[in-house]
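A short worksheet on the structure shown next.
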There are 2 protein chains.
Amino acid sequence: MEKIKIGILGYGNIGRGVELAVRQHKDTELSVVFTRRDPKSLKILTEGVPVASADDAASYKDKVDVLILCGGSATDLPVQGPVYARLFNTIDSFDTHARIPEYFAAMDAAAKETGHTSIISVGWDPGLFSLNRVYASAVLPEGRDYTFWGKGISQGHSDAIRRVEGVLDAKQYTIPVDAALKAVKSGENPELTTRQKHLRECFVVLKEGADAAKVEAEIKNMPNYFSDYDTTVHFISLEELKRDHSAMPHGGFVIRSGRTGADLQTKHIIEYSLKLDSNPEFTSSVLVAYARAAYRLAKKGDFGAKSVLDIPPALISPLDGETLRAKML
Amino acid sequence: MEKIKIGILGYGNIGRGVELAVRQHKDTELSVVFTRRDPKSLKILTEGVPVASADDAASYKDKVDVLILCGGSATDLPVQGPVYARLFNTIDSFDTHARIPEYFAAMDAAAKETGHTSIISVGWDPGLFSLNRVYASAVLPEGRDYTFWGKGISQGHSDAIRRVEGVLDAKQYTIPVDAALKAVKSGENPELTTRQKHLRECFVVLKEGADAAKVEAEIKNMPNYFSDYDTTVHFISLEELKRDHSAMPHGGFVIRSGRTGADLQTKHIIEYSLKLDSNPEFTSSVLVAYARAAYRLAKKGDFGAKSVLDIPPALISPLDGETLRAKML
């Protein structure tokens, strides 16, 4: 079997996750890791695979079928994306929802001009959750969508706490409110406020001499991040934080509650949920599955930017159409 | 807005469900109902829409964009499918899993020869459940799939009970075993026997003078249908059966429990579930959503047989790509 040659750009949590995922996806193999650091300073897990400077990527054009862009959405991808979409077929997990149309347009232009395929915003939200929102609302046009996140660590909220004066380190869990989930699953179609949907639980390590009460008040009253939520703050030691809160679990629920029938008297609930022990490892595995689709589309000459909504499910499977119909349909 | 003209072949539970669903899917309209009965004997819900003989379908070729085949999989579709795929773009809910490859081949030949698009095996299983099996196993290559059905009425099992001597009428519910569901959701990856996965609960109306103990024993020992399951039999009156068991609820769960990480130490659970108050109304709504995809593919000249696995999610949505990316991704 000829394997799909995967390149990684950026060796953080997602880059390392992609390296692990490539081992599990048997029709893929890692061909190079690009870094913006000094390549010599980087030790990767896979023996015999080169680490190269991101600046030298062009010289690997023929050695990579699909490049997985593992940078962040805030500053990395808006710049990197269109540059690398001119050199490679790409996959990324661009997740700044509000800027997706603009990013899509830039990637589409770059990929089309140079004959590449770029699948953007791959992961679970955006990604698998988006798919489920689209399927469910297409099937039940009269209804309501609910997305709940967690229980899981929000990087953005953890960072916000770390910026509070007197805080040494912190982790923040987003937790769906049980009563809200139950009401939605029962088909009640409730109107839910921000506060009614999610709780925020914070584990905070103070700097020596910091005023706990002041830190707690500052966190709880922080606009956008915490003031609209019921927030709990626990002060713990750095040792406890490292021991109990180093994992990166996440997950959530996409639920559509809809109605059919002559008088819309018939209720239906479609529910999709993820319970992930490692957010970056799972996200990486989704990225590699969609790399398969990018590879196949590029081979067919179907160039330009795509999202998961444009990709037939069969294209991300290692199985061929005949086998899928016989075994999975 | 120009609407997609939907034809219905066969006015049973699914045909009536499609008629209702077309009202909810705002970009579709009903153009004709074909029946094998005397068209004059059929009174449909929608005013002004003709009821025609299935034999006259060819004369409606230009009045129907997509024909939804609402016949059964056992005897109707294998014969009807290829005949009507020569005249129309079609959608069907062919659900005899073992015969899907053969049916696909027949539909593919008929549709390709005549320039039509036929999406087969649309519904929830096969259908939405199949999608979820494919997505989840592509994303988590190392793991295990579990499908549970119910709680819901199985037509086949209800029919089997009705064939027992002394039975006037009956309904059978398939029910997932709670302990099995819990074990799967916890990521234990259990090996489950048939008996451990589902219970069967039967509501039976006896004919006058029938021997209840004998009927109960005959049901419980029926090979294939009941002998491998824990089965409960309740004897009730015909009035009770009609009052309490006339609805057609169904649903179920598709769960993938998988692992990632260097030593496969990280657990993930992907779960999809449906809770449907009316199996035929929900199935019909899925059929109409995929009619939209068949219409769009045919317009592009993408002919032949397809399954839900070949259809990008965006194609079943009434929203265009730009709106989907801005609002749903």
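Here, A, B, ... name the chains of the structure tokens in the order displayed, residue numbers run from 1 inside each chain, and ligands are numbered from 1 in the same displayed order.
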Find the spatial neighbours of Tyr225 (chain B), counting only C-alpha atoms, within a cut-off of 8 Å - ignore same-chain residues fewer than 3 positions away - and output them as a PDB file with all heavy atoms, in the first residue's frame.
ATOM      1  N   HIS B 157     -40.704  -8.193  14.384  1.00  0.00           N
ATOM      2  CA  HIS B 157     -40.981  -9.015  15.562  1.00  0.00           C
ATOM      3  C   HIS B 157     -42.460  -8.991  15.926  1.00  0.00           C
ATOM      4  O   HIS B 157     -43.013  -9.997  16.375  1.00  0.00           O
ATOM      5  CB  HIS B 157     -40.120  -8.553  16.739  1.00  0.00           C
ATOM      6  CG  HIS B 157     -38.679  -8.925  16.577  1.00  0.00           C
ATOM      7  ND1 HIS B 157     -37.821  -8.222  15.765  1.00  0.00           N
ATOM      8  CD2 HIS B 157     -37.957  -9.961  17.094  1.00  0.00           C
ATOM      9  CE1 HIS B 157     -36.630  -8.789  15.800  1.00  0.00           C
ATOM     10  NE2 HIS B 157     -36.676  -9.847  16.592  1.00  0.00           N
ATOM     11  N   ALA B 160     -44.081 -11.395  13.638  1.00  0.00           N
ATOM     12  CA  ALA B 160     -43.780 -12.785  14.006  1.00  0.00           C
ATOM     13  C   ALA B 160     -44.720 -13.259  15.120  1.00  0.00           C
ATOM     14  O   ALA B 160     -45.190 -14.403  15.106  1.00  0.00           O
ATOM     15  CB  ALA B 160     -42.319 -12.906  14.445  1.00  0.00           C
ATOM     16  N   MET B 222     -39.187 -18.851  20.169  1.00  0.00           N
ATOM     17  CA  MET B 222     -39.098 -18.702  18.716  1.00  0.00           C
ATOM     18  C   MET B 222     -37.652 -18.428  18.299  1.00  0.00           C
ATOM     19  O   MET B 222     -37.047 -17.449  18.748  1.00  0.00           O
ATOM     20  CB  MET B 222     -39.994 -17.538  18.273  1.00  0.00           C
ATOM     21  CG  MET B 222     -40.360 -17.563  16.800  1.00  0.00           C
ATOM     22  SD  MET B 222     -41.318 -16.063  16.357  1.00  0.00           S
ATOM     23  CE  MET B 222     -42.804 -16.284  17.335  1.00  0.00           C
ATOM     24  N   ASP B 228     -32.937 -16.013  21.678  1.00  0.00           N
ATOM     25  CA  ASP B 228     -31.631 -15.529  22.147  1.00  0.00           C
ATOM     26  C   ASP B 228     -31.737 -14.303  23.047  1.00  0.00           C
ATOM     27  O   ASP B 228     -30.726 -13.685  23.391  1.00  0.00           O
ATOM     28  CB  ASP B 228     -30.734 -15.171  20.955  1.00  0.00           C
ATOM     29  CG  ASP B 228     -30.380 -16.398  20.136  1.00  0.00           C
ATOM     30  OD1 ASP B 228     -30.442 -17.514  20.699  1.00  0.00           O
ATOM     31  OD2 ASP B 228     -30.069 -16.248  18.944  1.00  0.00           O
TER      32      ASP B 228
END
Problem set entry | Members of region 100-258 of chain B assigned strand (DSSP E) by DSSP, as a count of residues only | 47
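Residue nearest chain A within the list B:Asn13, B:Ser73, B:Ser186, B:Gln24: B:Gln24 [criterion: smallest interatomic distance, only C-alpha atoms].
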Identify every residue of chain B that has at least one atom within 6 Å of any atom of chain A, counting only C-alpha atoms, and report the result as a compact mmCIF listing (two decimals) with all heavy atoms, in the first residue's frame.
# COMPACT_ATOMS: atom_id res chain seq x y z
N PRO B 126 -30.30 1.68 7.78
CA PRO B 126 -29.17 2.46 7.28
C PRO B 126 -29.53 3.94 7.11
O PRO B 126 -30.68 4.26 6.89
CB PRO B 126 -28.86 1.82 5.93
CG PRO B 126 -30.13 1.16 5.51
CD PRO B 126 -30.79 0.73 6.76
N SER B 130 -25.39 4.94 9.85
CA SER B 130 -24.26 4.53 9.01
C SER B 130 -23.22 5.64 8.95
O SER B 130 -22.01 5.39 9.08
CB SER B 130 -24.72 4.22 7.59
OG SER B 130 -25.98 3.59 7.58
N ALA B 138 -13.45 6.29 11.29
CA ALA B 138 -12.35 6.94 10.56
C ALA B 138 -11.52 7.81 11.52
O ALA B 138 -10.31 7.89 11.40
CB ALA B 138 -12.91 7.80 9.42
N VAL B 139 -12.19 8.43 12.46
CA VAL B 139 -11.51 9.34 13.38
C VAL B 139 -10.76 8.57 14.47
O VAL B 139 -9.67 8.99 14.88
CB VAL B 139 -12.54 10.31 14.00
CG1 VAL B 139 -11.98 11.00 15.22
CG2 VAL B 139 -12.98 11.33 12.95
N THR B 266 -5.19 6.66 26.12
CA THR B 266 -6.18 7.74 26.20
C THR B 266 -7.52 7.29 25.62
O THR B 266 -7.58 6.84 24.47
CB THR B 266 -5.67 8.97 25.40
OG1 THR B 266 -4.30 9.19 25.72
CG2 THR B 266 -6.47 10.20 25.75
N LYS B 267 -8.57 7.42 26.42
CA LYS B 267 -9.89 6.95 26.00
C LYS B 267 -10.73 8.08 25.42
O LYS B 267 -10.68 9.21 25.90
CB LYS B 267 -10.68 6.48 27.23
CG LYS B 267 -10.33 5.14 27.79
CD LYS B 267 -11.45 4.73 28.73
CE LYS B 267 -10.96 3.99 29.95
NZ LYS B 267 -12.05 3.66 30.89
N HIS B 268 -11.54 7.73 24.44
CA HIS B 268 -12.50 8.69 23.88
C HIS B 268 -13.81 7.95 23.59
O HIS B 268 -13.78 6.82 23.12
CB HIS B 268 -11.99 9.28 22.56
CG HIS B 268 -10.62 9.86 22.64
ND1 HIS B 268 -10.35 11.08 23.20
CD2 HIS B 268 -9.42 9.37 22.25
CE1 HIS B 268 -9.05 11.33 23.13
NE2 HIS B 268 -8.46 10.31 22.56
N ILE B 269 -14.91 8.63 23.83
CA ILE B 269 -16.22 8.06 23.51
C ILE B 269 -16.96 9.02 22.57
O ILE B 269 -17.13 10.19 22.88
CB ILE B 269 -17.10 7.87 24.77
CG1 ILE B 269 -16.38 7.05 25.84
CG2 ILE B 269 -18.45 7.25 24.40
CD1 ILE B 269 -16.37 5.58 25.62
N ILE B 270 -17.37 8.50 21.41
CA ILE B 270 -18.21 9.25 20.48
C ILE B 270 -19.58 8.60 20.51
O ILE B 270 -19.70 7.39 20.30
CB ILE B 270 -17.66 9.18 19.04
CG1 ILE B 270 -16.21 9.67 18.97
CG2 ILE B 270 -18.55 9.98 18.09
CD1 ILE B 270 -15.58 9.52 17.58
N GLU B 271 -20.60 9.38 20.80
CA GLU B 271 -21.94 8.80 20.92
C GLU B 271 -22.94 9.57 20.08
O GLU B 271 -22.96 10.80 20.09
CB GLU B 271 -22.37 8.83 22.39
CG GLU B 271 -23.77 8.30 22.60
CD GLU B 271 -24.20 8.33 24.07
OE1 GLU B 271 -23.34 8.35 24.96
OE2 GLU B 271 -25.42 8.37 24.31
N TYR B 272 -23.77 8.83 19.35
CA TYR B 272 -24.85 9.44 18.58
C TYR B 272 -26.13 8.74 18.98
O TYR B 272 -26.15 7.50 19.05
CB TYR B 272 -24.59 9.23 17.09
CG TYR B 272 -25.62 9.86 16.17
CD1 TYR B 272 -25.62 11.22 15.94
CD2 TYR B 272 -26.59 9.09 15.54
CE1 TYR B 272 -26.55 11.81 15.09
CE2 TYR B 272 -27.52 9.66 14.68
CZ TYR B 272 -27.50 11.03 14.46
OH TYR B 272 -28.41 11.60 13.62
N SER B 273 -27.17 9.50 19.27
CA SER B 273 -28.41 8.83 19.64
C SER B 273 -29.63 9.55 19.08
O SER B 273 -29.61 10.75 18.83
CB SER B 273 -28.53 8.69 21.15
OG SER B 273 -28.80 9.94 21.74
N LEU B 274 -30.65 8.76 18.85
CA LEU B 274 -31.93 9.26 18.36
C LEU B 274 -33.03 8.82 19.31
O LEU B 274 -33.02 7.68 19.78
CB LEU B 274 -32.24 8.69 16.97
CG LEU B 274 -31.28 9.09 15.84
CD1 LEU B 274 -31.61 8.31 14.58
CD2 LEU B 274 -31.36 10.60 15.59
N LYS B 275 -33.96 9.73 19.59
CA LYS B 275 -35.14 9.39 20.39
C LYS B 275 -36.32 9.94 19.60
O LYS B 275 -36.54 11.14 19.55
CB LYS B 275 -35.04 10.07 21.76
CG LYS B 275 -35.73 9.34 22.88
CD LYS B 275 -35.43 9.98 24.22
CE LYS B 275 -36.70 10.57 24.81
NZ LYS B 275 -36.41 11.57 25.85
N LEU B 276 -37.01 9.02 18.92
CA LEU B 276 -38.00 9.42 17.92
C LEU B 276 -39.40 9.04 18.37
O LEU B 276 -39.66 7.87 18.65
CB LEU B 276 -37.69 8.71 16.59
CG LEU B 276 -36.22 8.74 16.14
CD1 LEU B 276 -36.02 7.87 14.91
CD2 LEU B 276 -35.76 10.18 15.90
N ASP B 277 -40.31 10.01 18.40
CA ASP B 277 -41.68 9.67 18.76
C ASP B 277 -42.41 9.00 17.61
O ASP B 277 -43.40 8.31 17.83
CB ASP B 277 -42.43 10.92 19.23
CG ASP B 277 -42.12 11.23 20.70
OD1 ASP B 277 -41.29 10.52 21.29
OD2 ASP B 277 -42.70 12.19 21.24
N SER B 285 -38.59 12.45 6.94
CA SER B 285 -37.94 13.75 6.93
C SER B 285 -36.48 13.63 6.46
O SER B 285 -35.97 14.51 5.76
CB SER B 285 -38.03 14.38 8.32
OG SER B 285 -37.96 15.78 8.22
N VAL B 286 -35.84 12.51 6.80
CA VAL B 286 -34.49 12.25 6.29
C VAL B 286 -34.55 12.07 4.76
O VAL B 286 -33.71 12.60 4.02
CB VAL B 286 -33.86 11.00 6.96
CG1 VAL B 286 -32.45 10.77 6.43
CG2 VAL B 286 -33.85 11.12 8.48
N ALA B 289 -34.79 15.43 3.03
CA ALA B 289 -33.53 16.17 3.08
C ALA B 289 -32.57 15.64 2.01
O ALA B 289 -31.89 16.41 1.32
CB ALA B 289 -32.91 16.08 4.47
N LEU B 309 -23.21 7.88 2.43
CA LEU B 309 -21.77 8.01 2.68
C LEU B 309 -21.08 8.82 1.59
O LEU B 309 -19.96 9.31 1.79
CB LEU B 309 -21.13 6.62 2.78
CG LEU B 309 -21.77 5.70 3.83
CD1 LEU B 309 -21.11 4.32 3.80
CD2 LEU B 309 -21.68 6.31 5.22
N ASP B 310 -21.74 8.94 0.43
CA ASP B 310 -21.15 9.67 -0.70
C ASP B 310 -21.59 11.14 -0.75
O ASP B 310 -21.16 11.88 -1.64
CB ASP B 310 -21.57 9.00 -2.02
CG ASP B 310 -21.21 7.53 -2.05
OD1 ASP B 310 -20.04 7.22 -1.76
OD2 ASP B 310 -22.09 6.69 -2.33
N ILE B 311 -22.46 11.54 0.15
CA ILE B 311 -23.09 12.86 0.04
C ILE B 311 -22.47 13.83 1.07
O ILE B 311 -22.57 13.60 2.27
CB ILE B 311 -24.61 12.74 0.32
CG1 ILE B 311 -25.25 11.65 -0.56
CG2 ILE B 311 -25.29 14.09 0.13
CD1 ILE B 311 -25.17 11.90 -2.03
N PRO B 312 -21.89 14.94 0.61
CA PRO B 312 -21.39 15.94 1.56
C PRO B 312 -22.56 16.51 2.38
O PRO B 312 -23.62 16.76 1.82
CB PRO B 312 -20.81 17.03 0.67
CG PRO B 312 -20.65 16.43 -0.68
CD PRO B 312 -21.66 15.34 -0.79
N PRO B 313 -22.35 16.70 3.68
CA PRO B 313 -23.43 17.23 4.52
C PRO B 313 -24.06 18.50 3.95
O PRO B 313 -25.28 18.67 4.01
CB PRO B 313 -22.74 17.53 5.86
CG PRO B 313 -21.45 16.79 5.85
CD PRO B 313 -21.13 16.40 4.45
N ALA B 314 -23.26 19.39 3.37
CA ALA B 314 -23.80 20.66 2.86
C ALA B 314 -24.90 20.43 1.83
O ALA B 314 -25.81 21.25 1.70
CB ALA B 314 -22.68 21.50 2.24
N SER B 317 -28.51 20.37 3.11
CA SER B 317 -28.99 21.56 3.81
C SER B 317 -29.63 22.54 2.83
O SER B 317 -29.14 22.71 1.71
CB SER B 317 -27.82 22.24 4.51
OG SER B 317 -28.24 23.49 5.04
N MET B 328 -22.99 27.87 10.69
CA MET B 328 -23.10 26.52 11.23
C MET B 328 -21.75 25.87 11.51
O MET B 328 -21.66 24.90 12.24
CB MET B 328 -23.88 25.61 10.26
CG MET B 328 -25.21 26.16 9.82
SD MET B 328 -26.48 26.05 11.13
CE MET B 328 -27.03 24.35 10.91
N LEU B 329 -20.68 26.38 10.85
CA LEU B 329 -19.38 25.73 11.00
C LEU B 329 -18.82 26.04 12.38
O LEU B 329 -18.42 25.15 13.09
CB LEU B 329 -18.43 26.22 9.90
CG LEU B 329 -17.14 25.44 9.71
CD1 LEU B 329 -17.42 23.99 9.34
CD2 LEU B 329 -16.27 26.06 8.61
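Among A:Pro190, A:Pro223, A:Gly115, A:Pro176, the residue with the shortest atom-to-atom distance to Leu297 (chain A), counting only C-alpha atoms, is A:Gly115.
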Seminar exercise, completed: CA of Phe203 (chain B) to CA of Ala179 (chain B) measures 23.5 Å
Exercise. How would you write, as an MDAnalysis selection string, the set of residues in region 142-319 of chain B that DSSP gives as helix (DSSP H, G or I)?
Worked result: chainID B and resid 155:162 178:185 194:197 212:220 238:244 279:299 308:310 313:316
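The two atoms in question, CA of Thr232 (chain B) and CA of Lys151 (chain B), are spaced 14.2 Å apart.
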For this session: May I have the residues within 12 Å of Arg163 (chain A) as a PyMOL selection string, using only C-alpha atoms and disregarding those fewer than 3 positions away in the same chain?
Result: chain A and resi 156-160+166-170+204+206+215+218-219+222
Save the residues we just selected, N, CA, C and O atoms, as a PDB file, in the first residue's frame?
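Everything below was put into part37.pdb:
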ATOM      1  N   GLY A 156      -8.501  29.390  26.839  1.00  0.00           N
ATOM      2  CA  GLY A 156      -8.706  30.833  26.877  1.00  0.00           C
ATOM      3  C   GLY A 156      -9.057  31.330  28.272  1.00  0.00           C
ATOM      4  O   GLY A 156      -8.546  32.358  28.731  1.00  0.00           O
ATOM      5  N   HIS A 157      -9.928  30.586  28.953  1.00  0.00           N
ATOM      6  CA  HIS A 157     -10.328  31.006  30.297  1.00  0.00           C
ATOM      7  C   HIS A 157      -9.204  30.775  31.303  1.00  0.00           C
ATOM      8  O   HIS A 157      -9.031  31.559  32.235  1.00  0.00           O
ATOM      9  N   SER A 158      -8.439  29.710  31.118  1.00  0.00           N
ATOM     10  CA  SER A 158      -7.290  29.473  32.008  1.00  0.00           C
ATOM     11  C   SER A 158      -6.280  30.609  31.846  1.00  0.00           C
ATOM     12  O   SER A 158      -5.757  31.144  32.834  1.00  0.00           O
ATOM     13  N   ASP A 159      -6.037  30.999  30.593  1.00  0.00           N
ATOM     14  CA  ASP A 159      -5.104  32.107  30.328  1.00  0.00           C
ATOM     15  C   ASP A 159      -5.594  33.396  30.983  1.00  0.00           C
ATOM     16  O   ASP A 159      -4.805  34.157  31.555  1.00  0.00           O
ATOM     17  N   ALA A 160      -6.906  33.646  30.903  1.00  0.00           N
ATOM     18  CA  ALA A 160      -7.462  34.883  31.473  1.00  0.00           C
ATOM     19  C   ALA A 160      -7.207  34.937  32.982  1.00  0.00           C
ATOM     20  O   ALA A 160      -6.883  35.991  33.534  1.00  0.00           O
ATOM     21  N   GLY A 166      -1.454  38.343  41.147  1.00  0.00           N
ATOM     22  CA  GLY A 166      -1.406  37.468  42.306  1.00  0.00           C
ATOM     23  C   GLY A 166      -1.575  35.999  41.949  1.00  0.00           C
ATOM     24  O   GLY A 166      -1.460  35.124  42.800  1.00  0.00           O
ATOM     25  N   VAL A 167      -1.858  35.700  40.654  1.00  0.00           N
ATOM     26  CA  VAL A 167      -2.057  34.304  40.234  1.00  0.00           C
ATOM     27  C   VAL A 167      -0.765  33.755  39.631  1.00  0.00           C
ATOM     28  O   VAL A 167      -0.183  34.361  38.728  1.00  0.00           O
ATOM     29  N   LEU A 168      -0.327  32.591  40.145  1.00  0.00           N
ATOM     30  CA  LEU A 168       0.872  31.943  39.617  1.00  0.00           C
ATOM     31  C   LEU A 168       0.516  31.034  38.443  1.00  0.00           C
ATOM     32  O   LEU A 168       1.180  31.017  37.407  1.00  0.00           O
ATOM     33  N   ASP A 169      -0.560  30.255  38.620  1.00  0.00           N
ATOM     34  CA  ASP A 169      -0.991  29.338  37.556  1.00  0.00           C
ATOM     35  C   ASP A 169      -2.459  28.996  37.787  1.00  0.00           C
ATOM     36  O   ASP A 169      -2.966  29.159  38.908  1.00  0.00           O
ATOM     37  N   ALA A 170      -3.121  28.492  36.751  1.00  0.00           N
ATOM     38  CA  ALA A 170      -4.552  28.190  36.903  1.00  0.00           C
ATOM     39  C   ALA A 170      -5.054  27.300  35.772  1.00  0.00           C
ATOM     40  O   ALA A 170      -4.492  27.283  34.676  1.00  0.00           O
ATOM     41  N   VAL A 204      -6.871  27.493  41.131  1.00  0.00           N
ATOM     42  CA  VAL A 204      -5.945  28.616  41.065  1.00  0.00           C
ATOM     43  C   VAL A 204      -4.809  28.439  42.076  1.00  0.00           C
ATOM     44  O   VAL A 204      -5.046  28.099  43.239  1.00  0.00           O
ATOM     45  N   LEU A 206      -1.961  30.578  43.952  1.00  0.00           N
ATOM     46  CA  LEU A 206      -1.614  31.983  44.243  1.00  0.00           C
ATOM     47  C   LEU A 206      -0.107  32.169  44.333  1.00  0.00           C
ATOM     48  O   LEU A 206       0.628  31.253  44.707  1.00  0.00           O
ATOM     49  N   VAL A 215      -8.336  38.099  44.575  1.00  0.00           N
ATOM     50  CA  VAL A 215      -8.185  37.327  43.326  1.00  0.00           C
ATOM     51  C   VAL A 215      -9.519  36.683  42.938  1.00  0.00           C
ATOM     52  O   VAL A 215      -9.962  36.758  41.793  1.00  0.00           O
ATOM     53  N   GLU A 218     -11.912  39.203  41.606  1.00  0.00           N
ATOM     54  CA  GLU A 218     -11.522  39.688  40.279  1.00  0.00           C
ATOM     55  C   GLU A 218     -11.870  38.663  39.187  1.00  0.00           C
ATOM     56  O   GLU A 218     -12.319  39.025  38.103  1.00  0.00           O
ATOM     57  N   ILE A 219     -11.647  37.385  39.508  1.00  0.00           N
ATOM     58  CA  ILE A 219     -11.998  36.337  38.537  1.00  0.00           C
ATOM     59  C   ILE A 219     -13.507  36.345  38.291  1.00  0.00           C
ATOM     60  O   ILE A 219     -13.978  36.424  37.159  1.00  0.00           O
ATOM     61  N   MET A 222     -14.934  39.141  36.153  1.00  0.00           N
ATOM     62  CA  MET A 222     -14.300  39.450  34.866  1.00  0.00           C
ATOM     63  C   MET A 222     -15.354  39.430  33.747  1.00  0.00           C
ATOM     64  O   MET A 222     -16.007  38.409  33.529  1.00  0.00           O
TER      65      MET A 222
END
For this session: Please identify all polymer residues within 9 Å of His116 (chain A), counting only C-alpha atoms, omitting same-chain residues fewer than 4 positions from it, and present them as a ChimeraX atom specification.
Result: /A:85-90,110-112,294,298,301-305
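Take CA of Gln80 (chain B) and CA of Leu30 (chain B): the distance between them is 20.3 Å.
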For this session: Excluding Gly7 (chain A) and any residue of its chain fewer than 5 positions from it, enumerate the residues within 7 Å of it, using only C-alpha atoms, and give them as a PyMOL selection string.
Result: chain A and resi 30-33+64+66-68
For this session: Using only C-alpha atoms, find the one residue out of B:Glu188, B:Asp55, B:Ile161, B:Ile8 that sits nearest to Ala217 (chain B).
Result: B:Ile161
For this session: Tell me, as a PyMOL selection string, which residues lie within 12 Å of Thr193 (chain A), counting only C-alpha atoms; anything in the same chain fewer than 6 positions away does not count.
Result: chain A and resi 146+177+180+199+228-230
Saved selection, atoms kept: all heavy atoms, as a PDB file, in the first residue's frame:
ATOM      1  N   TYR A 146     -28.926  23.004  20.274  1.00  0.00           N
ATOM      2  CA  TYR A 146     -28.236  23.338  21.511  1.00  0.00           C
ATOM      3  C   TYR A 146     -26.823  22.771  21.432  1.00  0.00           C
ATOM      4  O   TYR A 146     -26.665  21.600  21.071  1.00  0.00           O
ATOM      5  CB  TYR A 146     -28.942  22.716  22.712  1.00  0.00           C
ATOM      6  CG  TYR A 146     -30.341  23.251  22.947  1.00  0.00           C
ATOM      7  CD1 TYR A 146     -31.433  22.672  22.314  1.00  0.00           C
ATOM      8  CD2 TYR A 146     -30.559  24.325  23.807  1.00  0.00           C
ATOM      9  CE1 TYR A 146     -32.717  23.153  22.525  1.00  0.00           C
ATOM     10  CE2 TYR A 146     -31.838  24.819  24.032  1.00  0.00           C
ATOM     11  CZ  TYR A 146     -32.917  24.223  23.391  1.00  0.00           C
ATOM     12  OH  TYR A 146     -34.187  24.702  23.605  1.00  0.00           O
ATOM     13  N   VAL A 177     -24.480  22.575  32.591  1.00  0.00           N
ATOM     14  CA  VAL A 177     -25.394  22.478  33.737  1.00  0.00           C
ATOM     15  C   VAL A 177     -26.339  21.292  33.515  1.00  0.00           C
ATOM     16  O   VAL A 177     -27.030  21.224  32.494  1.00  0.00           O
ATOM     17  CB  VAL A 177     -26.200  23.783  33.913  1.00  0.00           C
ATOM     18  CG1 VAL A 177     -27.230  23.630  35.028  1.00  0.00           C
ATOM     19  CG2 VAL A 177     -25.261  24.947  34.198  1.00  0.00           C
ATOM     20  N   ALA A 180     -30.039  21.861  32.691  1.00  0.00           N
ATOM     21  CA  ALA A 180     -30.264  22.378  31.336  1.00  0.00           C
ATOM     22  C   ALA A 180     -30.198  21.236  30.325  1.00  0.00           C
ATOM     23  O   ALA A 180     -31.049  21.106  29.433  1.00  0.00           O
ATOM     24  CB  ALA A 180     -29.229  23.442  31.002  1.00  0.00           C
ATOM     25  N   LEU A 199     -21.419  26.052  33.802  1.00  0.00           N
ATOM     26  CA  LEU A 199     -20.731  26.498  35.022  1.00  0.00           C
ATOM     27  C   LEU A 199     -19.256  26.658  34.694  1.00  0.00           C
ATOM     28  O   LEU A 199     -18.745  26.021  33.758  1.00  0.00           O
ATOM     29  CB  LEU A 199     -20.828  25.428  36.110  1.00  0.00           C
ATOM     30  CG  LEU A 199     -22.201  24.996  36.584  1.00  0.00           C
ATOM     31  CD1 LEU A 199     -22.049  23.801  37.513  1.00  0.00           C
ATOM     32  CD2 LEU A 199     -22.881  26.154  37.298  1.00  0.00           C
ATOM     33  N   ASP A 228     -20.876  36.424  33.555  1.00  0.00           N
ATOM     34  CA  ASP A 228     -22.201  35.925  33.180  1.00  0.00           C
ATOM     35  C   ASP A 228     -22.439  34.479  33.614  1.00  0.00           C
ATOM     36  O   ASP A 228     -23.438  33.874  33.225  1.00  0.00           O
ATOM     37  CB  ASP A 228     -22.385  36.005  31.655  1.00  0.00           C
ATOM     38  CG  ASP A 228     -22.402  37.441  31.169  1.00  0.00           C
ATOM     39  OD1 ASP A 228     -22.708  38.332  31.989  1.00  0.00           O
ATOM     40  OD2 ASP A 228     -22.092  37.672  29.985  1.00  0.00           O
ATOM     41  N   TYR A 229     -21.508  33.932  34.387  1.00  0.00           N
ATOM     42  CA  TYR A 229     -21.589  32.516  34.758  1.00  0.00           C
ATOM     43  C   TYR A 229     -21.565  32.343  36.268  1.00  0.00           C
ATOM     44  O   TYR A 229     -21.059  33.209  36.986  1.00  0.00           O
ATOM     45  CB  TYR A 229     -20.383  31.746  34.193  1.00  0.00           C
ATOM     46  CG  TYR A 229     -20.313  31.746  32.697  1.00  0.00           C
ATOM     47  CD1 TYR A 229     -19.713  32.811  32.012  1.00  0.00           C
ATOM     48  CD2 TYR A 229     -20.840  30.698  31.958  1.00  0.00           C
ATOM     49  CE1 TYR A 229     -19.649  32.825  30.628  1.00  0.00           C
ATOM     50  CE2 TYR A 229     -20.774  30.706  30.573  1.00  0.00           C
ATOM     51  CZ  TYR A 229     -20.181  31.771  29.912  1.00  0.00           C
ATOM     52  OH  TYR A 229     -20.120  31.777  28.550  1.00  0.00           O
ATOM     53  N   ASP A 230     -22.065  31.202  36.748  1.00  0.00           N
ATOM     54  CA  ASP A 230     -21.817  30.817  38.131  1.00  0.00           C
ATOM     55  C   ASP A 230     -20.430  30.210  38.162  1.00  0.00           C
ATOM     56  O   ASP A 230     -20.170  29.180  37.534  1.00  0.00           O
ATOM     57  CB  ASP A 230     -22.863  29.805  38.610  1.00  0.00           C
ATOM     58  CG  ASP A 230     -24.222  30.476  38.798  1.00  0.00           C
ATOM     59  OD1 ASP A 230     -24.246  31.715  38.963  1.00  0.00           O
ATOM     60  OD2 ASP A 230     -25.241  29.778  38.752  1.00  0.00           O
TER      61      ASP A 230
END
